[in-house]
file final.cif (mmCIF, C-alpha atoms)
data_query
#
loop_
_atom_site.label_atom_id
_atom_site.label_comp_id
_atom_site.auth_asym_id
_atom_site.auth_seq_id
_atom_site.Cartn_x
_atom_site.Cartn_y
_atom_site.Cartn_z
CA MET E 47 84.81 102.46 118.42
CA SER E 48 84.71 106.28 118.10
CA ALA E 49 81.44 108.21 117.84
CA HIS E 50 82.28 109.00 114.21
CA GLU E 51 82.79 105.31 113.33
CA GLN E 52 79.59 104.37 115.15
CA PHE E 53 77.48 106.77 113.10
CA ALA E 54 79.36 105.95 109.87
CA ASP E 55 78.18 102.32 110.28
CA ASP E 56 74.53 103.49 110.23
CA LEU E 57 74.72 105.66 107.09
CA ALA E 58 73.74 102.89 104.66
CA LEU E 59 70.60 102.09 106.65
CA TYR E 60 69.77 105.78 106.90
CA ALA E 61 70.20 106.22 103.12
CA LEU E 62 67.74 103.34 102.59
CA GLU E 63 65.17 104.96 104.95
CA ALA E 64 65.56 101.92 107.26
CA LEU E 65 66.17 103.86 110.49
CA ASP E 66 63.48 105.42 112.65
CA GLY E 67 62.91 106.80 116.13
CA PRO E 68 65.86 107.85 118.32
CA GLN E 69 68.40 106.04 116.12
CA ARG E 70 67.37 108.01 113.02
CA LYS E 71 67.36 111.30 114.95
CA ALA E 72 70.84 110.59 116.34
CA VAL E 73 72.23 109.97 112.84
CA GLU E 74 70.60 113.16 111.48
CA GLN E 75 72.07 115.24 114.32
CA HIS E 76 75.52 113.75 113.74
CA VAL E 77 75.41 114.32 109.96
CA GLU E 78 74.63 118.01 110.52
CA SER E 79 77.94 118.47 112.35
CA CYS E 80 80.15 115.97 110.48
CA ALA E 81 81.26 116.93 106.96
CA ALA E 82 82.82 113.50 106.31
CA CYS E 83 79.56 111.68 107.10
CA ARG E 84 77.59 114.18 104.98
CA ARG E 85 79.81 113.39 102.01
CA GLU E 86 79.52 109.64 102.65
CA LEU E 87 75.70 109.91 102.89
CA GLU E 88 75.54 111.86 99.62
CA SER E 89 77.76 109.23 97.96
CA LEU E 90 75.47 106.39 99.16
CA ARG E 91 72.38 108.25 97.99
CA GLY E 92 74.12 108.95 94.70
CA ASP E 93 74.81 105.26 94.18
CA MET E 94 71.13 104.56 94.86
CA ALA E 95 70.16 107.27 92.38
CA LEU E 96 72.30 105.77 89.61
CA LEU E 97 70.93 102.31 90.33
CA ALA E 98 67.31 103.48 90.41
CA LEU E 99 67.68 105.50 87.19
CA SER E 100 69.23 102.49 85.44
CA ALA E 101 65.74 100.94 85.19
CA SER E 102 64.91 103.35 82.35
CA GLY E 103 68.37 104.22 81.03
CA PRO E 104 71.95 102.94 80.69
CA HIS E 105 73.31 100.48 83.23
CA PRO E 106 74.86 102.25 86.24
CA PRO E 107 78.64 102.09 86.74
CA GLN E 108 79.89 98.79 88.19
CA ARG E 109 81.49 100.72 91.05
CA SER E 110 78.07 102.12 92.07
CA ARG E 111 76.47 98.68 92.22
CA ASP E 112 79.41 97.18 94.12
CA ARG E 113 79.64 100.11 96.54
CA LEU E 114 75.94 100.03 97.52
CA MET E 115 75.83 96.23 97.75
CA SER E 116 78.87 96.30 100.06
CA ALA E 117 77.22 98.93 102.27
CA ILE E 118 73.98 96.94 102.50
CA ALA E 119 75.89 93.71 103.23
CA ALA E 120 77.81 95.40 106.04
CA GLU E 121 74.58 96.64 107.69
CA ARG E 122 72.26 93.70 106.99
CA PRO E 123 74.49 90.61 106.44
CA ALA E 124 71.58 88.19 106.76
CA MET E 125 69.15 89.93 104.40
CA VAL E 126 68.93 87.80 101.25
CA PRO E 127 66.11 88.32 98.73
CA GLU E 128 64.31 85.05 98.12
CA ARG E 129 62.05 85.93 95.22
CA ALA E 130 64.47 87.80 92.93
CA THR E 131 64.23 86.69 89.30
CA ALA E 132 66.20 87.28 86.13
CA SER E 133 63.56 89.80 85.04
CA SER E 134 64.35 92.03 88.04
CA GLY E 135 67.40 93.40 86.24
CA GLY E 136 70.45 95.24 87.57
CA TRP E 137 71.56 94.92 91.16
CA PHE E 138 68.03 93.95 92.41
CA GLY E 139 68.23 90.59 90.63
CA ARG E 140 71.84 89.68 91.40
CA LEU E 141 71.02 88.31 94.87
CA GLY E 142 68.63 85.64 93.61
CA TRP E 143 71.31 82.94 93.47
CA VAL E 144 71.93 83.29 97.21
CA ALA E 145 68.27 82.62 98.05
CA ALA E 146 68.24 79.71 95.61
CA ALA E 147 71.32 78.22 97.28
CA LEU E 148 69.72 78.50 100.72
CA VAL E 149 66.53 76.81 99.52
CA LEU E 150 68.58 73.96 97.99
CA LEU E 151 70.52 73.59 101.24
CA GLY E 152 67.21 73.47 103.15
CA GLY E 153 65.88 70.72 100.91
CA THR E 154 69.03 68.64 101.42
CA LEU E 155 69.01 68.96 105.19
CA LEU E 156 65.31 68.10 105.45
CA ILE E 157 66.15 64.64 104.17
CA ASN E 158 68.32 64.10 107.24
CA ASP E 159 66.52 62.13 109.98
CA GLU E 160 68.05 64.21 112.78
CA LYS E 161 65.05 66.04 114.24
CA GLU E 162 67.15 68.69 115.95
CA LYS E 163 68.78 69.82 112.71
CA ASN E 164 65.43 69.81 110.88
CA ALA E 165 63.86 72.02 113.55
CA ALA E 166 66.78 74.46 113.34
CA LEU E 167 66.46 74.56 109.56
CA GLN E 168 62.74 75.34 109.72
CA HIS E 169 63.48 78.19 112.09
CA GLU E 170 66.18 79.54 109.78
CA ILE E 171 63.87 79.41 106.74
CA ALA E 172 61.11 81.24 108.62
CA GLY E 173 63.58 83.95 109.63
CA LEU E 174 64.86 84.23 106.07
CA GLN E 175 61.33 84.76 104.75
CA MET E 176 60.73 87.58 107.24
CA LYS E 177 64.02 89.26 106.32
CA THR E 178 63.25 88.88 102.61
CA ALA E 179 59.95 90.71 103.09
CA ALA E 180 61.77 93.53 104.90
CA GLN E 181 64.33 93.75 102.11
CA ASP E 182 61.58 93.89 99.46
CA ALA E 183 59.95 96.76 101.36
CA GLU E 184 63.23 98.67 101.43
CA LEU E 185 63.76 98.23 97.69
CA GLN E 186 60.23 99.42 96.99
CA GLN E 187 60.89 102.50 99.14
CA VAL E 188 64.02 103.31 97.10
CA ARG E 189 62.09 103.05 93.83
CA LYS E 190 59.17 105.08 95.20
CA GLU E 191 61.52 107.86 96.31
CA PHE E 192 62.71 108.45 92.75
CA THR E 193 59.33 108.41 91.02
CA ALA E 194 59.06 112.11 91.93
CA PHE E 195 61.77 112.86 89.38
CA GLN E 196 59.64 111.46 86.54
CA GLY E 197 56.54 113.63 87.06
CA PRO E 198 55.39 116.56 84.91
CA ASP E 199 56.70 119.09 87.46
CA ALA E 200 60.28 117.79 87.24
CA GLN E 201 62.60 120.34 85.60
CA PRO E 202 65.70 118.90 83.87
CA VAL E 203 68.64 121.34 83.73
CA THR E 204 71.99 120.71 82.02
CA LEU E 205 75.13 122.53 83.27
CA VAL E 206 78.08 122.74 80.85
CA VAL E 207 81.44 124.48 80.45
CA ALA E 208 82.99 125.15 77.05
CA ALA E 209 86.40 124.29 75.56
CA ASN E 210 87.17 121.23 77.71
CA HIS E 211 87.67 117.68 76.50
CA PRO E 212 86.14 115.57 77.85
CA GLN E 213 83.61 118.22 78.67
CA PRO E 214 82.43 118.45 82.28
CA GLN E 215 78.67 118.21 82.51
CA GLY E 216 75.99 118.30 85.17
CA LYS E 217 72.31 117.38 84.99
CA ALA E 218 69.83 118.59 87.61
CA ILE E 219 66.19 117.49 88.00
CA TYR E 220 64.26 119.76 90.34
CA VAL E 221 60.69 119.50 91.65
CA PRO E 222 59.78 122.98 93.03
CA THR E 223 56.54 121.89 94.69
CA SER E 224 58.31 119.40 96.99
CA GLY E 225 61.87 120.78 97.01
CA LYS E 226 63.27 117.46 95.76
CA LEU E 227 66.50 117.68 93.74
CA LEU E 228 68.65 115.12 91.91
CA PHE E 229 72.01 116.23 90.45
CA VAL E 230 74.51 114.02 88.56
CA ALA E 231 77.87 115.37 87.28
CA SER E 232 80.51 113.79 85.06
CA ASN E 233 84.06 114.54 83.82
CA LEU E 234 84.73 117.04 86.62
CA PRO E 235 88.38 118.01 87.27
CA ALA E 236 89.97 116.51 90.36
CA LEU E 237 90.22 118.70 93.47
CA PRO E 238 92.68 118.93 96.39
CA ASP E 239 91.64 117.06 99.54
CA ASP E 240 90.70 120.32 101.28
CA LYS E 241 88.36 121.42 98.48
CA ALA E 242 84.97 120.22 97.20
CA TYR E 243 82.33 121.20 94.67
CA GLU E 244 79.20 122.90 95.99
CA LEU E 245 75.88 123.01 94.13
CA TRP E 246 73.77 126.18 94.35
CA LEU E 247 70.10 126.75 93.61
CA LEU E 248 69.62 130.14 91.96
CA PRO E 249 66.19 131.38 93.10
CA SER E 250 64.08 133.76 91.05
CA THR E 251 64.84 136.41 93.67
CA GLY E 252 67.44 136.54 96.40
CA ALA E 253 70.85 135.03 97.08
CA PRO E 254 72.02 131.56 95.93
CA VAL E 255 70.85 128.71 98.16
CA PRO E 256 73.32 125.92 99.15
CA ALA E 257 72.16 122.65 97.58
CA GLY E 258 74.83 120.08 98.49
CA VAL E 259 78.59 119.54 98.72
CA PHE E 260 80.29 116.68 96.88
CA HIS E 261 83.76 115.44 95.92
CA PRO E 262 84.08 113.67 92.53
CA ASP E 263 85.47 110.16 92.26
CA ALA E 264 88.54 109.18 90.23
CA LYS E 265 86.57 109.45 86.97
CA GLY E 266 85.13 112.87 87.77
CA SER E 267 81.62 111.69 88.67
CA GLY E 268 79.58 113.20 91.50
CA VAL E 269 75.98 113.02 92.75
CA VAL E 270 73.74 115.09 95.05
CA VAL E 271 70.36 113.63 96.08
CA ASN E 272 67.62 115.49 97.95
CA PRO E 273 69.61 118.16 99.81
CA PRO E 274 67.64 120.01 102.53
CA LEU E 275 65.75 122.46 100.28
CA ALA E 276 62.49 124.15 101.23
CA ALA E 277 59.43 123.27 99.14
CA GLY E 278 57.91 125.90 96.87
CA VAL E 279 61.15 127.71 95.95
CA SER E 280 61.10 128.83 92.32
CA ALA E 281 64.49 128.29 90.64
CA LYS E 282 65.84 130.13 87.63
CA GLY E 283 68.87 127.86 87.46
CA PHE E 284 71.72 126.05 89.20
CA ALA E 285 75.48 126.64 89.50
CA ILE E 286 78.63 124.91 90.81
CA THR E 287 81.56 126.54 92.61
CA VAL E 288 84.74 125.22 94.24
CA GLU E 289 84.56 125.66 98.02
CA PRO E 290 86.26 124.38 101.19
CA LYS E 291 85.51 120.68 101.74
CA GLU E 292 82.96 121.53 104.48
CA GLY E 293 81.02 123.79 102.08
CA SER E 294 80.16 127.50 102.32
CA ALA E 295 77.04 129.43 103.28
CA ALA E 296 77.54 131.66 100.20
CA PRO E 297 79.68 131.25 97.05
CA THR E 298 83.33 132.24 97.54
CA THR E 299 84.52 131.60 93.96
CA LYS E 300 83.28 132.30 90.46
CA PRO E 301 80.86 129.58 89.20
CA MET E 302 82.58 127.04 86.97
CA MET E 303 79.25 125.66 85.67
CA VAL E 304 75.85 127.31 85.30
CA GLY E 305 72.55 126.02 83.97
CA LEU E 306 69.22 127.89 83.59
CA VAL E 307 65.73 126.43 83.85
CA GLY E 308 63.95 126.21 80.54
#

call {"tool": "encode", "arguments": {"input": "final.cif", "output": "structure tokens"}}
result
Amino acid sequence: MSAHEQFADDLALYALEALDGPQRKAVEQHVESCAACRRELESLRGDMALLALSASGPHPPQRSRDRLMSAIAAERPAMVPERATASSGGWFGRLGWVAAALVLLGGTLLINDEKEKNAALQHEIAGLQMKTAAQDAELQQVRKEFTAFQGPDAQPVTLVVAANHPQPQGKAIYVPTSGKLLFVASNLPALPDDKAYELWLLPSTGAPVPAGVFHPDAKGSGVVVNPPLAAGVSAKGFAITVEPKEGSAAPTTKPMMVGLVG
């Protein structure tokens, strides 16, 4: 396995804030130098953003739910929520049938008089309960992360371009006090493989600040979640340009979309 593949396997756990210590630091250092992994991380975080926002809005795209569930399954194949209910809604509640099936299997095997199998089953159930608790903690962390975008300081900004059908659109929610930013775009034109869209924060004074590189999917959708922005930066707006796929330190093309705060 190459170094790139090794770190790519850890991106889903990193996006869920499930890595710490040396492992987390190693992934962060790799992402800084690997454009492909940065794009993959932004895509995973974007899927989480759409899923989290679906609690108070439209259901997220099926591809977002399937993509994030596949990433989580690849990293944590044994993590199965045990207490999910129909009221959980969305992707959080879709795993409940797995836990129910395991409990039913446990009840059937307990009837068996073979003590060795019963002991193994008890051990498996205990392990499942521990993993369920860890999974619940991760889901709570995802939801907690996005509560910042619902506070009174959050600034919604809509970016549009005229005379296109369907019309490309971008929505940014920015929290200046913490530097947190959520951006979701739709109906964007496709780009060559060597190009990508780059989001820019337009400060009240000074040059544009890079705020994330992304490549839209087949339907023109793209997401940027919490790029490395300094807290306390006052923004007068946001813009999108077409840049090389690795991104640029400063805009190299005319903005195709611009949105102003307020």

call {"tool": "residues_near_point", "arguments": {"input": "final.cif", "point": "(73.0, 111.2, 99.3)", "cutoff": "12 Å", "atoms": "all atoms listed in the file", "output": "MDAnalysis selection string"}}
result
chainID E and resid 57:63 77 83:96 114 227:230 257:260 268:274

call {"tool": "atom_distance", "arguments": {"input": "final.cif", "atom1": "CA of Val279 in chain E", "atom2": "CA of Lys226 in chain E"}}
result
10.5 Å

call {"tool": "closest_residue", "arguments": {"input": "final.cif", "among": "E:Pro297, E:Pro235, E:Pro262, E:Pro222", "to": "Gly283 in chain E", "atoms": "only C-alpha atoms"}}
result
E:Pro222

call {"tool": "atom_distance", "arguments": {"input": "final.cif", "atom1": "CA of Met303 in chain E", "atom2": "CA of Tyr243 in chain E"}}
result
10.5 Å

call {"tool": "residues_around", "arguments": {"input": "final.cif", "residues": "range 196-199 of chain E", "least_positions_apart": "3", "cutoff": "10 Å", "atoms": "all atoms listed in the file", "output": "list of chain:residue names"}}
result
E:Phe192, E:Thr193, E:Pro202, E:Ile219, E:Tyr220, E:Val221, E:Pro222, E:Thr223, E:Ser224

call {"tool": "atom_distance", "arguments": {"input": "final.cif", "atom1": "CA of Glu78 in chain E", "atom2": "CA of Thr299 in chain E"}}
result
23.6 Å

call {"tool": "closest_residue", "arguments": {"input": "final.cif", "among": "E:Arg70, E:His169, E:Lys217, E:Lys161", "to": "Leu205 in chain E", "atoms": "all atoms listed in the file"}}
result
E:Lys217

call {"tool": "closest_residue", "arguments": {"input": "final.cif", "among": "E:Pro249, E:Gly216, E:Pro254, E:Gly293", "to": "Thr204 in chain E", "atoms": "all atoms listed in the file"}}
result
E:Gly216

call {"tool": "build_atoms", "arguments": {"input": "final.cif", "residues": "range 258-269 of chain E", "atoms": "all heavy atoms", "output": "PDB file, keeping the file's coordinate frame"}}
result
ATOM      1  N   GLY E 258      74.064 121.325  98.377  1.00  0.00           N
ATOM      2  CA  GLY E 258      74.830 120.080  98.490  1.00  0.00           C
ATOM      3  C   GLY E 258      76.288 120.227  98.149  1.00  0.00           C
ATOM      4  O   GLY E 258      76.655 120.933  97.201  1.00  0.00           O
ATOM      5  N   VAL E 259      77.136 119.569  98.938  1.00  0.00           N
ATOM      6  CA  VAL E 259      78.590 119.540  98.720  1.00  0.00           C
ATOM      7  C   VAL E 259      78.974 118.121  98.300  1.00  0.00           C
ATOM      8  O   VAL E 259      78.472 117.143  98.859  1.00  0.00           O
ATOM      9  CB  VAL E 259      79.336 119.937 100.010  1.00  0.00           C
ATOM     10  CG1 VAL E 259      80.845 119.834  99.809  1.00  0.00           C
ATOM     11  CG2 VAL E 259      78.959 121.350 100.435  1.00  0.00           C
ATOM     12  N   PHE E 260      79.859 118.002  97.309  1.00  0.00           N
ATOM     13  CA  PHE E 260      80.290 116.680  96.880  1.00  0.00           C
ATOM     14  C   PHE E 260      81.715 116.723  96.368  1.00  0.00           C
ATOM     15  O   PHE E 260      82.210 117.772  95.951  1.00  0.00           O
ATOM     16  CB  PHE E 260      79.353 116.118  95.798  1.00  0.00           C
ATOM     17  CG  PHE E 260      79.361 116.894  94.499  1.00  0.00           C
ATOM     18  CD1 PHE E 260      80.143 116.487  93.430  1.00  0.00           C
ATOM     19  CD2 PHE E 260      78.597 118.042  94.356  1.00  0.00           C
ATOM     20  CE1 PHE E 260      80.147 117.203  92.236  1.00  0.00           C
ATOM     21  CE2 PHE E 260      78.603 118.765  93.169  1.00  0.00           C
ATOM     22  CZ  PHE E 260      79.383 118.344  92.112  1.00  0.00           C
ATOM     23  N   HIS E 261      82.393 115.582  96.423  1.00  0.00           N
ATOM     24  CA  HIS E 261      83.760 115.440  95.920  1.00  0.00           C
ATOM     25  C   HIS E 261      83.745 114.363  94.840  1.00  0.00           C
ATOM     26  O   HIS E 261      83.289 113.246  95.101  1.00  0.00           O
ATOM     27  CB  HIS E 261      84.712 115.046  97.059  1.00  0.00           C
ATOM     28  CG  HIS E 261      86.149 115.384  96.771  1.00  0.00           C
ATOM     29  ND1 HIS E 261      86.921 114.657  95.915  1.00  0.00           N
ATOM     30  CD2 HIS E 261      86.931 116.403  97.226  1.00  0.00           C
ATOM     31  CE1 HIS E 261      88.139 115.185  95.862  1.00  0.00           C
ATOM     32  NE2 HIS E 261      88.169 116.245  96.652  1.00  0.00           N
ATOM     33  N   PRO E 262      84.168 114.650  93.621  1.00  0.00           N
ATOM     34  CA  PRO E 262      84.080 113.670  92.530  1.00  0.00           C
ATOM     35  C   PRO E 262      84.980 112.463  92.766  1.00  0.00           C
ATOM     36  O   PRO E 262      85.998 112.562  93.457  1.00  0.00           O
ATOM     37  CB  PRO E 262      84.502 114.465  91.289  1.00  0.00           C
ATOM     38  CG  PRO E 262      85.389 115.535  91.831  1.00  0.00           C
ATOM     39  CD  PRO E 262      84.815 115.905  93.174  1.00  0.00           C
ATOM     40  N   ASP E 263      84.611 111.328  92.153  1.00  0.00           N
ATOM     41  CA  ASP E 263      85.470 110.160  92.260  1.00  0.00           C
ATOM     42  C   ASP E 263      86.599 110.252  91.242  1.00  0.00           C
ATOM     43  O   ASP E 263      86.803 111.297  90.604  1.00  0.00           O
ATOM     44  CB  ASP E 263      84.637 108.876  92.049  1.00  0.00           C
ATOM     45  CG  ASP E 263      83.983 108.820  90.675  1.00  0.00           C
ATOM     46  OD1 ASP E 263      84.412 109.574  89.766  1.00  0.00           O
ATOM     47  OD2 ASP E 263      83.039 108.028  90.501  1.00  0.00           O
ATOM     48  N   ALA E 264      87.355 109.165  91.089  1.00  0.00           N
ATOM     49  CA  ALA E 264      88.540 109.180  90.230  1.00  0.00           C
ATOM     50  C   ALA E 264      88.207 109.472  88.772  1.00  0.00           C
ATOM     51  O   ALA E 264      89.056 109.965  88.025  1.00  0.00           O
ATOM     52  CB  ALA E 264      89.280 107.845  90.340  1.00  0.00           C
ATOM     53  N   LYS E 265      86.977 109.202  88.351  1.00  0.00           N
ATOM     54  CA  LYS E 265      86.570 109.450  86.970  1.00  0.00           C
ATOM     55  C   LYS E 265      85.819 110.773  86.809  1.00  0.00           C
ATOM     56  O   LYS E 265      85.268 111.044  85.759  1.00  0.00           O
ATOM     57  CB  LYS E 265      85.717 108.295  86.462  1.00  0.00           C
ATOM     58  CG  LYS E 265      86.494 106.990  86.345  1.00  0.00           C
ATOM     59  CD  LYS E 265      85.672 105.909  85.668  1.00  0.00           C
ATOM     60  CE  LYS E 265      86.485 104.640  85.487  1.00  0.00           C
ATOM     61  NZ  LYS E 265      85.716 103.573  84.790  1.00  0.00           N
ATOM     62  N   GLY E 266      85.777 111.571  87.863  1.00  0.00           N
ATOM     63  CA  GLY E 266      85.130 112.870  87.770  1.00  0.00           C
ATOM     64  C   GLY E 266      83.632 112.864  87.934  1.00  0.00           C
ATOM     65  O   GLY E 266      82.970 113.839  87.585  1.00  0.00           O
ATOM     66  N   SER E 267      83.066 111.783  88.490  1.00  0.00           N
ATOM     67  CA  SER E 267      81.620 111.690  88.670  1.00  0.00           C
ATOM     68  C   SER E 267      81.224 112.104  90.086  1.00  0.00           C
ATOM     69  O   SER E 267      81.944 111.825  91.039  1.00  0.00           O
ATOM     70  CB  SER E 267      81.136 110.256  88.405  1.00  0.00           C
ATOM     71  OG  SER E 267      81.429 109.858  87.078  1.00  0.00           O
ATOM     72  N   GLY E 268      80.077 112.780  90.204  1.00  0.00           N
ATOM     73  CA  GLY E 268      79.580 113.200  91.500  1.00  0.00           C
ATOM     74  C   GLY E 268      78.062 113.250  91.489  1.00  0.00           C
ATOM     75  O   GLY E 268      77.447 113.448  90.434  1.00  0.00           O
ATOM     76  N   VAL E 269      77.437 113.060  92.660  1.00  0.00           N
ATOM     77  CA  VAL E 269      75.980 113.020  92.750  1.00  0.00           C
ATOM     78  C   VAL E 269      75.531 113.751  94.013  1.00  0.00           C
ATOM     79  O   VAL E 269      76.182 113.667  95.054  1.00  0.00           O
ATOM     80  CB  VAL E 269      75.463 111.565  92.800  1.00  0.00           C
ATOM     81  CG1 VAL E 269      73.945 111.548  92.964  1.00  0.00           C
ATOM     82  CG2 VAL E 269      75.839 110.816  91.541  1.00  0.00           C
TER      83      VAL E 269
END
